[in-house]
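Working notes for the structure below.
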Amino acid sequence: MEFSSRETWTVIHGLVLGTLFLLAFAGGLAGLWSMRPGLMTTEGIKERMGRLYIGAWVMAAAAWAAVITGTWIVYPWYRVKLAPVGEDAYAGCVDAILPNAACSPRDFLKSNVSGETEMWHIFGMEWKEHVSWAAPILATAAAFLIAYYGPRLIARPWLRAAVIVMFVAAFAAALVGGAFGAFLNKIAPIV
Amino acid sequence: MEFSSRETWTVIHGLVLGTLFLLAFAGGLAGLWSMRPGLMTTEGIKERMGRLYIGAWVMAAAAWAAVITGTWIVYPWYRVKLAPVGEDAYAGCVDAILPNAACSPRDFLKSNVSGETEMWHIFGMEWKEHVSWAAPILATAAAFLIAYYGPRLIARPWLRAAVIVMFVAAFAAALVGGAFGAFLNKIAPIV
Amino acid sequence: MITDFDPGRHDDEGVAPELAPLDLADKPDGPAAAVMIASGLGVFTLGLMTTLAVINGSVKSFLEWFQFDQGVGALAGKSTVAVLVFFVAWLVLYLIWREKDVVLKTSFYIGLGLGILGVIGTFPPFFEWFE
Amino acid sequence: MITDFDPGRHDDEGVAPELAPLDLADKPDGPAAAVMIASGLGVFTLGLMTTLAVINGSVKSFLEWFQFDQGVGALAGKSTVAVLVFFVAWLVLYLIWREKDVVLKTSFYIGLGLGILGVIGTFPPFFEWFE
């Protein structure tokens with residue numbers, strides 16, 4: 001009962017960091033949402049802010065760790081060209097049911113050997129690999145704004161709303177990345 | 001770019017319901033944590049409780065939906081005996097790299113055709129399939145307590161702590177289920 | 001452990017004055033005790049069924065009966081029985097204790113103890129002892 | 001849009017009296033405007049690089065240079081350049097606006113607009129037009 005090195009990295013990239021990101025996002029959003037005048041006592045504000053800072057920075061850190069491990073460790077395994085033999089770009093994928101040592105996930109999807117899978121690469125992976133990088137940028141910006149203004153966000157409803165927009169936009173970018181990542185892992189797992 | 005019926009159900013079971021559960025848990029825990037005397041104004045309590053009730057019941061509902069779809073839809077695909085031919089219980093799994101039409105995930109893991117995989121079934125799946133059912137029971141009990149006492153939890157710190165224990169225990173049970181589910185899906189996916 | 005409901009037993013508004021304007025009705029602790037014990041009992045039943053199915057073939061056959069040919073095996077019975085025990089125990093205790101105060105600490109620890117035993121019962125290294 | 005820092009421009013403690021006991025120092029809005037615009041610019045750069053790499057082969061080669069033989073391809077350059085633009089723009093604007101007030105609404109909408117353009121640039125049906 002153990003993981004290969006590749007399985008371990010895909011677990012860290014998607015499952016561990018993804019779970020951490022979701023928990024930090026939901027906890028952070030719940031805290032951010034209540035930052036309105038008249039809802040908390042002074043004591044309550046102090047109690048809240050500590051956790052909100054931690055949640056926001058953990059979310060940003062998880063996003064950075066996820067895109068860096070995803071891009072630099074997992075993605076090369078996905079995209080390596082294993083299948084070409086002479087003129088035939090997908091020779092290695094003939095009869096493949098799933099990616100294997102002669103057919104990378106990208107080869108496998110583009111070869112269409114198991115149905116119309118090409119769009120999973122052209123739309124799913126191509127979007128996911130790029131847009132996911134928006135998540136750490138936006139999460140870092142939101143975390144900075146939360147840390148910079150702190151309790152003052154309570155008195156400035158428009159600013160609080162702007163921070164929530166950035167916070168949720170970071171989540172949306174990560175959701176595209178995470179959902180397509182999980183789907184692609186089903187259709188064409190890293191092996 | 002589409003899913004088979006089985007892929008769709010595993011996505012609903014693990015990814016959609018799992019994500020919903022995590023979000024509801026983290027948001028709910030953040031709300032529950034702040035239910036202490038002196039932290040919120042009366043207005044703040046009213047604002048908070050609505051979201052806390054929703055979070056707690058969504059968490060319970062997601063847990064019920066996850067264990068019911070998992071047990072009654074996904075699990076039969078996992079455990080069906082496809083491999084036996086005559087005396088040989090795992091004949092269908094010979095040379096299999098992953099589960100296939102002649103070798104269910106359970107057959108595949110128990111056959112050890114791709115390394116020492118038997119423990120993934122004996123420990124991972126056997127624990128996960130049973131203990132996961134504790135999650136909806138505990139989450140429902142916690143949601144009932146939150147709804148029953150409402151703001152009074154603020155004045156009763158011991159009771160609030162007891163509810164948090166049940167809330168986190170529901171999460172822990174789901175975490176065992178979710179983590180082993182994701183791992184098993186890597187080692188021996190439902191196909 | 002069980003007493004008549006006494007709305008004056010807690011000073012909630014004294015502990016947290018912010019509750020006063022909400023004008024909350026006080027409620028007996030019986031229904032809360034009911035769900036604490038019932039949820040513990042549900043989880044305990046889960047573990048008990050899991051282990052009993054290993055020990056006794058006819059228990060296993062009984063639990064498999066619940067699968068209605070869906071290929072779920074004994075898990076169908078283990079989970080259905082545990083969920084039924086949870087809801088029935090909750091309902092029964094609720095009806096008995098609806099208007100009573102029941103000591104919550106005792107109820108919680110009973111539930112917790114049952115829950116821990118239940119989780120042990122679902123733990124493979126434990127139930128495999130009986131194979 | 002840019003003015004000298006005026007600590008009296010908001011009545012935070014008037015809007016939310018619960019802030020008063022915290023005795024918070026007021027801060028200029030410049031650093032916040034900086035991060036709003038810089039993050040928009042970072043996301044915009046991501047989209048721009050993604051689309052430019054499709055249009056122009058030498059841009060793509062330049063972006064691939066960042067992969068240092070790790071097999072990441074042009075994504076290495078797109079992401080590295082976008083992240084550098086984000087941090088450098090943030091730092092530069094921060095240093096310029098550190099002690100200034102900058103109108104946050106304008107800054108946010110600039111950032112939002114850049115961000116939306118950036119996401120469009122990463123959207124495959126968009127950048128495939130240029131193939």
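For the structure tokens, the naming scheme is as follows: chains receive sequential letters (A, B, ...) according to their order of presentation, residues are indexed from 1 within each chain, and ligands are indexed from 1 in presentation order.
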- request: Compile the residues of chain B that lie within 12 Å of chain D, evaluated using only C-alpha atoms, and express the compilation as a count of residues only.
  value: 3
Report as a PDB file with N, CA, C and O atoms, in the first residue's frame all protein, DNA and RNA residues lying within 10 Å of range 149-151 of chain B, evaluated on only C-alpha atoms, omitting residues in the same chain fewer than 2 positions from it.
ATOM      1  N   MET B  35     -18.768  31.683  18.418  1.00  0.00           N
ATOM      2  CA  MET B  35     -19.939  31.760  19.279  1.00  0.00           C
ATOM      3  C   MET B  35     -19.537  31.737  20.753  1.00  0.00           C
ATOM      4  O   MET B  35     -19.757  30.754  21.471  1.00  0.00           O
ATOM      5  N   ARG B  36     -18.959  32.853  21.175  1.00  0.00           N
ATOM      6  CA  ARG B  36     -18.546  32.992  22.563  1.00  0.00           C
ATOM      7  C   ARG B  36     -19.063  34.314  23.111  1.00  0.00           C
ATOM      8  O   ARG B  36     -19.274  35.260  22.338  1.00  0.00           O
ATOM      9  N   THR B  42     -25.886  41.875  19.170  1.00  0.00           N
ATOM     10  CA  THR B  42     -27.160  41.195  18.910  1.00  0.00           C
ATOM     11  C   THR B  42     -27.419  41.116  17.402  1.00  0.00           C
ATOM     12  O   THR B  42     -27.815  40.068  16.872  1.00  0.00           O
ATOM     13  N   ILE B  45     -25.245  38.518  15.829  1.00  0.00           N
ATOM     14  CA  ILE B  45     -25.706  37.150  16.082  1.00  0.00           C
ATOM     15  C   ILE B  45     -26.771  36.755  15.064  1.00  0.00           C
ATOM     16  O   ILE B  45     -26.716  35.679  14.468  1.00  0.00           O
ATOM     17  N   LYS B  46     -27.722  37.674  14.848  1.00  0.00           N
ATOM     18  CA  LYS B  46     -28.780  37.377  13.871  1.00  0.00           C
ATOM     19  C   LYS B  46     -28.188  37.127  12.497  1.00  0.00           C
ATOM     20  O   LYS B  46     -28.563  36.187  11.800  1.00  0.00           O
ATOM     21  N   ARG B  48     -25.210  36.188  11.728  1.00  0.00           N
ATOM     22  CA  ARG B  48     -24.406  34.967  11.706  1.00  0.00           C
ATOM     23  C   ARG B  48     -25.236  33.687  11.662  1.00  0.00           C
ATOM     24  O   ARG B  48     -24.935  32.753  10.919  1.00  0.00           O
ATOM     25  N   MET B  49     -26.283  33.634  12.493  1.00  0.00           N
ATOM     26  CA  MET B  49     -26.967  32.355  12.679  1.00  0.00           C
ATOM     27  C   MET B  49     -27.546  31.810  11.365  1.00  0.00           C
ATOM     28  O   MET B  49     -27.491  30.611  11.112  1.00  0.00           O
ATOM     29  N   GLY B  50     -28.086  32.709  10.540  1.00  0.00           N
ATOM     30  CA  GLY B  50     -28.672  32.245   9.280  1.00  0.00           C
ATOM     31  C   GLY B  50     -27.666  31.447   8.467  1.00  0.00           C
ATOM     32  O   GLY B  50     -27.958  30.338   7.998  1.00  0.00           O
ATOM     33  N   LEU B  52     -24.926  30.075   9.573  1.00  0.00           N
ATOM     34  CA  LEU B  52     -24.478  28.879  10.283  1.00  0.00           C
ATOM     35  C   LEU B  52     -25.470  27.724  10.115  1.00  0.00           C
ATOM     36  O   LEU B  52     -25.068  26.572   9.897  1.00  0.00           O
ATOM     37  N   TYR B  53     -26.774  28.042  10.185  1.00  0.00           N
ATOM     38  CA  TYR B  53     -27.780  26.987   9.977  1.00  0.00           C
ATOM     39  C   TYR B  53     -27.628  26.396   8.576  1.00  0.00           C
ATOM     40  O   TYR B  53     -27.637  25.176   8.393  1.00  0.00           O
ATOM     41  N   PHE B 144     -28.553  19.522  14.103  1.00  0.00           N
ATOM     42  CA  PHE B 144     -29.740  19.619  14.959  1.00  0.00           C
ATOM     43  C   PHE B 144     -29.433  20.431  16.215  1.00  0.00           C
ATOM     44  O   PHE B 144     -30.211  21.302  16.614  1.00  0.00           O
ATOM     45  N   LEU B 145     -28.297  20.154  16.843  1.00  0.00           N
ATOM     46  CA  LEU B 145     -27.941  20.889  18.065  1.00  0.00           C
ATOM     47  C   LEU B 145     -27.781  22.379  17.795  1.00  0.00           C
ATOM     48  O   LEU B 145     -28.210  23.217  18.581  1.00  0.00           O
ATOM     49  N   ILE B 146     -27.149  22.713  16.664  1.00  0.00           N
ATOM     50  CA  ILE B 146     -26.971  24.123  16.299  1.00  0.00           C
ATOM     51  C   ILE B 146     -28.331  24.783  16.081  1.00  0.00           C
ATOM     52  O   ILE B 146     -28.592  25.893  16.556  1.00  0.00           O
ATOM     53  N   ALA B 147     -29.215  24.081  15.374  1.00  0.00           N
ATOM     54  CA  ALA B 147     -30.537  24.654  15.102  1.00  0.00           C
ATOM     55  C   ALA B 147     -31.385  24.722  16.372  1.00  0.00           C
ATOM     56  O   ALA B 147     -32.158  25.654  16.564  1.00  0.00           O
ATOM     57  N   LEU B 153     -26.096  28.837  22.280  1.00  0.00           N
ATOM     58  CA  LEU B 153     -24.783  28.182  22.358  1.00  0.00           C
ATOM     59  C   LEU B 153     -23.717  29.160  22.850  1.00  0.00           C
ATOM     60  O   LEU B 153     -22.732  28.755  23.459  1.00  0.00           O
ATOM     61  N   ILE B 154     -23.919  30.442  22.556  1.00  0.00           N
ATOM     62  CA  ILE B 154     -22.948  31.453  22.971  1.00  0.00           C
ATOM     63  C   ILE B 154     -22.787  31.465  24.486  1.00  0.00           C
ATOM     64  O   ILE B 154     -21.671  31.623  25.001  1.00  0.00           O
ATOM     65  N   ALA B 155     -23.882  31.295  25.198  1.00  0.00           N
ATOM     66  CA  ALA B 155     -23.845  31.391  26.650  1.00  0.00           C
ATOM     67  C   ALA B 155     -23.442  30.074  27.307  1.00  0.00           C
ATOM     68  O   ALA B 155     -23.294  30.008  28.526  1.00  0.00           O
ATOM     69  N   ARG B 156     -23.292  29.025  26.516  1.00  0.00           N
ATOM     70  CA  ARG B 156     -22.988  27.720  27.122  1.00  0.00           C
ATOM     71  C   ARG B 156     -21.740  27.120  26.489  1.00  0.00           C
ATOM     72  O   ARG B 156     -21.804  26.244  25.626  1.00  0.00           O
ATOM     73  N   LEU B 159     -21.277  23.334  26.012  1.00  0.00           N
ATOM     74  CA  LEU B 159     -22.145  22.770  24.978  1.00  0.00           C
ATOM     75  C   LEU B 159     -21.605  23.095  23.578  1.00  0.00           C
ATOM     76  O   LEU B 159     -21.584  22.237  22.694  1.00  0.00           O
ATOM     77  N   ARG B 160     -21.153  24.347  23.423  1.00  0.00           N
ATOM     78  CA  ARG B 160     -20.560  24.738  22.144  1.00  0.00           C
ATOM     79  C   ARG B 160     -19.354  23.849  21.829  1.00  0.00           C
ATOM     80  O   ARG B 160     -19.186  23.370  20.698  1.00  0.00           O
TER      81      ARG B 160
ATOM     82  N   ASP C  12     -28.445  32.375  30.798  1.00  0.00           N
ATOM     83  CA  ASP C  12     -27.839  32.665  29.490  1.00  0.00           C
ATOM     84  C   ASP C  12     -27.672  34.161  29.255  1.00  0.00           C
ATOM     85  O   ASP C  12     -26.622  34.615  28.792  1.00  0.00           O
ATOM     86  N   ALA C  16     -24.214  36.129  28.622  1.00  0.00           N
ATOM     87  CA  ALA C  16     -24.047  36.829  27.344  1.00  0.00           C
ATOM     88  C   ALA C  16     -25.203  37.811  27.170  1.00  0.00           C
ATOM     89  O   ALA C  16     -26.225  37.478  26.579  1.00  0.00           O
ATOM     90  N   GLU C  18     -25.726  40.078  25.256  1.00  0.00           N
ATOM     91  CA  GLU C  18     -26.120  40.352  23.867  1.00  0.00           C
ATOM     92  C   GLU C  18     -27.291  39.469  23.421  1.00  0.00           C
ATOM     93  O   GLU C  18     -27.921  39.713  22.392  1.00  0.00           O
ATOM     94  N   LEU C  19     -27.579  38.415  24.195  1.00  0.00           N
ATOM     95  CA  LEU C  19     -28.696  37.532  23.840  1.00  0.00           C
ATOM     96  C   LEU C  19     -30.043  38.128  24.258  1.00  0.00           C
ATOM     97  O   LEU C  19     -31.078  37.786  23.685  1.00  0.00           O
ATOM     98  N   LEU C  22     -32.775  39.294  21.910  1.00  0.00           N
ATOM     99  CA  LEU C  22     -33.315  38.279  20.988  1.00  0.00           C
ATOM    100  C   LEU C  22     -34.548  37.606  21.574  1.00  0.00           C
ATOM    101  O   LEU C  22     -35.293  36.934  20.856  1.00  0.00           O
ATOM    102  N   LEU C  24     -35.095  34.971  23.485  1.00  0.00           N
ATOM    103  CA  LEU C  24     -35.156  33.555  23.128  1.00  0.00           C
ATOM    104  C   LEU C  24     -35.955  32.758  24.151  1.00  0.00           C
ATOM    105  O   LEU C  24     -35.809  32.976  25.350  1.00  0.00           O
ATOM    106  N   ALA C  25     -36.751  31.848  23.667  1.00  0.00           N
ATOM    107  CA  ALA C  25     -37.432  30.924  24.573  1.00  0.00           C
ATOM    108  C   ALA C  25     -36.415  29.902  25.063  1.00  0.00           C
ATOM    109  O   ALA C  25     -35.615  29.393  24.281  1.00  0.00           O
ATOM    110  N   ASP C  26     -36.432  29.609  26.352  1.00  0.00           N
ATOM    111  CA  ASP C  26     -35.541  28.561  26.848  1.00  0.00           C
ATOM    112  C   ASP C  26     -36.109  27.203  26.429  1.00  0.00           C
ATOM    113  O   ASP C  26     -37.311  27.051  26.230  1.00  0.00           O
ATOM    114  N   LYS C  27     -35.215  26.239  26.256  1.00  0.00           N
ATOM    115  CA  LYS C  27     -35.652  24.928  25.789  1.00  0.00           C
ATOM    116  C   LYS C  27     -35.085  23.850  26.690  1.00  0.00           C
ATOM    117  O   LYS C  27     -33.965  23.991  27.197  1.00  0.00           O
ATOM    118  N   PRO C  28     -35.804  22.761  26.865  1.00  0.00           N
ATOM    119  CA  PRO C  28     -35.285  21.652  27.676  1.00  0.00           C
ATOM    120  C   PRO C  28     -34.087  20.996  26.985  1.00  0.00           C
ATOM    121  O   PRO C  28     -33.973  21.022  25.765  1.00  0.00           O
ATOM    122  N   ASP C  29     -33.209  20.405  27.793  1.00  0.00           N
ATOM    123  CA  ASP C  29     -32.019  19.757  27.231  1.00  0.00           C
ATOM    124  C   ASP C  29     -32.276  18.326  26.761  1.00  0.00           C
ATOM    125  O   ASP C  29     -31.385  17.704  26.163  1.00  0.00           O
ATOM    126  N   ALA C  32     -31.622  17.470  23.063  1.00  0.00           N
ATOM    127  CA  ALA C  32     -30.198  17.500  22.733  1.00  0.00           C
ATOM    128  C   ALA C  32     -29.511  16.235  23.238  1.00  0.00           C
ATOM    129  O   ALA C  32     -28.694  15.623  22.538  1.00  0.00           O
TER     130      ALA C  32
END
For range 173-186 of chain A: contacts at 6 Å, only C-alpha atoms, fewer than 3 positions along chain excluded, given as a tab-separated table (two decimals) with C-alpha atoms, in the first residue's frame:
chain	number	residue	atom	x	y	z
A	124	GLY	CA	-9.65	21.72	-20.62
A	128	LYS	CA	-6.59	25.19	-16.82
A	132	SER	CA	-4.87	28.70	-12.61
A	135	ALA	CA	-5.41	32.23	-8.36
A	170	ALA	CA	-9.07	33.70	-6.88
A	189	PRO	CA	-4.27	9.97	-15.44
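You will find CA of Gly115 in chain B at 13.6 Å from CA of Pro99 in chain B.
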message: Need the shell around range 79-86 of chain D: protein/DNA/RNA residues with any atom at most 12 Å away, counting only C-alpha atoms. Skip same-chain ones fewer than 6 positions apart. Format as a PyMOL selection string?
response: (chain A and resi 64+67-68+70-72+129-138+140-141) or (chain D and resi 34-50+59+62-67+72-73+92-94+111+114-115+118+122)
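Between CA of Ile190 in chain B and CA of Val11 in chain B there is a distance of 11.0 Å.
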Proximal residues of chain A relative to chain B (only C-alpha atoms; 6 Å) as a PDB file with N, CA and C atoms, in the first residue's frame:
ATOM      1  N   MET A   1       0.846  -1.192   0.000  1.00  0.00           N
ATOM      2  CA  MET A   1       0.000   0.000   0.000  1.00  0.00           C
ATOM      3  C   MET A   1       0.881   1.242   0.000  1.00  0.00           C
ATOM      4  N   LEU A  23     -10.624  24.791   2.301  1.00  0.00           N
ATOM      5  CA  LEU A  23     -10.904  25.067   3.709  1.00  0.00           C
ATOM      6  C   LEU A  23     -10.567  26.517   4.049  1.00  0.00           C
ATOM      7  N   ALA A  26     -13.204  28.940   2.379  1.00  0.00           N
ATOM      8  CA  ALA A  26     -14.533  28.984   2.998  1.00  0.00           C
ATOM      9  C   ALA A  26     -14.469  29.640   4.375  1.00  0.00           C
ATOM     10  N   GLY A  27     -13.450  29.291   5.152  1.00  0.00           N
ATOM     11  CA  GLY A  27     -13.297  29.911   6.459  1.00  0.00           C
ATOM     12  C   GLY A  27     -13.041  31.407   6.321  1.00  0.00           C
ATOM     13  N   ALA A  30     -16.207  33.299   5.207  1.00  0.00           N
ATOM     14  CA  ALA A  30     -17.156  33.451   6.316  1.00  0.00           C
ATOM     15  C   ALA A  30     -16.727  34.602   7.219  1.00  0.00           C
ATOM     16  N   LEU A  39     -21.748  44.566  13.790  1.00  0.00           N
ATOM     17  CA  LEU A  39     -21.976  43.132  13.982  1.00  0.00           C
ATOM     18  C   LEU A  39     -21.087  42.527  15.065  1.00  0.00           C
ATOM     19  N   MET A  40     -19.887  43.091  15.221  1.00  0.00           N
ATOM     20  CA  MET A  40     -18.960  42.503  16.184  1.00  0.00           C
ATOM     21  C   MET A  40     -18.607  43.515  17.261  1.00  0.00           C
ATOM     22  N   THR A  41     -18.275  42.998  18.439  1.00  0.00           N
ATOM     23  CA  THR A  41     -17.745  43.871  19.473  1.00  0.00           C
ATOM     24  C   THR A  41     -16.256  44.068  19.202  1.00  0.00           C
ATOM     25  N   GLU A  43     -13.880  43.251  21.112  1.00  0.00           N
ATOM     26  CA  GLU A  43     -13.262  41.975  21.465  1.00  0.00           C
ATOM     27  C   GLU A  43     -13.421  40.964  20.325  1.00  0.00           C
ATOM     28  N   GLY A  44     -14.611  40.930  19.756  1.00  0.00           N
ATOM     29  CA  GLY A  44     -14.905  40.005  18.661  1.00  0.00           C
ATOM     30  C   GLY A  44     -14.049  40.286  17.440  1.00  0.00           C
ATOM     31  N   THR A 117     -11.506  12.538 -27.358  1.00  0.00           N
ATOM     32  CA  THR A 117     -10.868  13.068 -26.152  1.00  0.00           C
ATOM     33  C   THR A 117     -10.046  14.319 -26.411  1.00  0.00           C
ATOM     34  N   MET A 119     -10.628  17.322 -27.207  1.00  0.00           N
ATOM     35  CA  MET A 119     -11.068  18.583 -26.609  1.00  0.00           C
ATOM     36  C   MET A 119     -10.677  18.693 -25.132  1.00  0.00           C
ATOM     37  N   TRP A 120     -10.525  17.550 -24.451  1.00  0.00           N
ATOM     38  CA  TRP A 120     -10.064  17.622 -23.067  1.00  0.00           C
ATOM     39  C   TRP A 120      -8.704  18.306 -23.002  1.00  0.00           C
TER      40      TRP A 120
END
message: Give me, as number ranges by chain, the residues of range 7-93 of chain A that a backbone DSSP run labels helix (DSSP H, G or I).
response: A: 7-33, 42-79, 91-93
- request: Excluding Leu104 in chain C and any residue of its chain fewer than 3 positions from it, enumerate the residues within 6 Å of it, using only C-alpha atoms, and give them as a PyMOL selection string.
  value: chain C and resi 33+107-108
task: Provide the CA of Arg9 in chain D to CA of Ile96 in chain D distance in Å, to one decimal place.
output: 20.3 Å
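Of the residues under consideration (A:Tyr90, A:Phe108, A:Tyr148, A:Trp9), A:Trp9 shows the shortest atom-to-atom contact distance to Tyr75 in chain A when counting only C-alpha atoms.
All residues within chain C that the backbone DSSP calculation assigns to strand (DSSP E or B) are Ile2, Thr3, Asp4, Lys100, Asp101 and Val102 of chain C.
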Using the selection just defined, write its residues with C-alpha atoms as a compact mmCIF listing (two decimals), in the first residue's frame.
# COMPACT_ATOMS: atom_id res chain seq x y z
CA ILE C 2 -33.26 13.31 34.24
CA THR C 3 -35.25 16.11 35.82
CA ASP C 4 -38.27 18.20 34.97
CA LYS C 100 -37.34 17.01 30.41
CA ASP C 101 -33.91 18.22 31.31
CA VAL C 102 -31.25 15.57 30.86
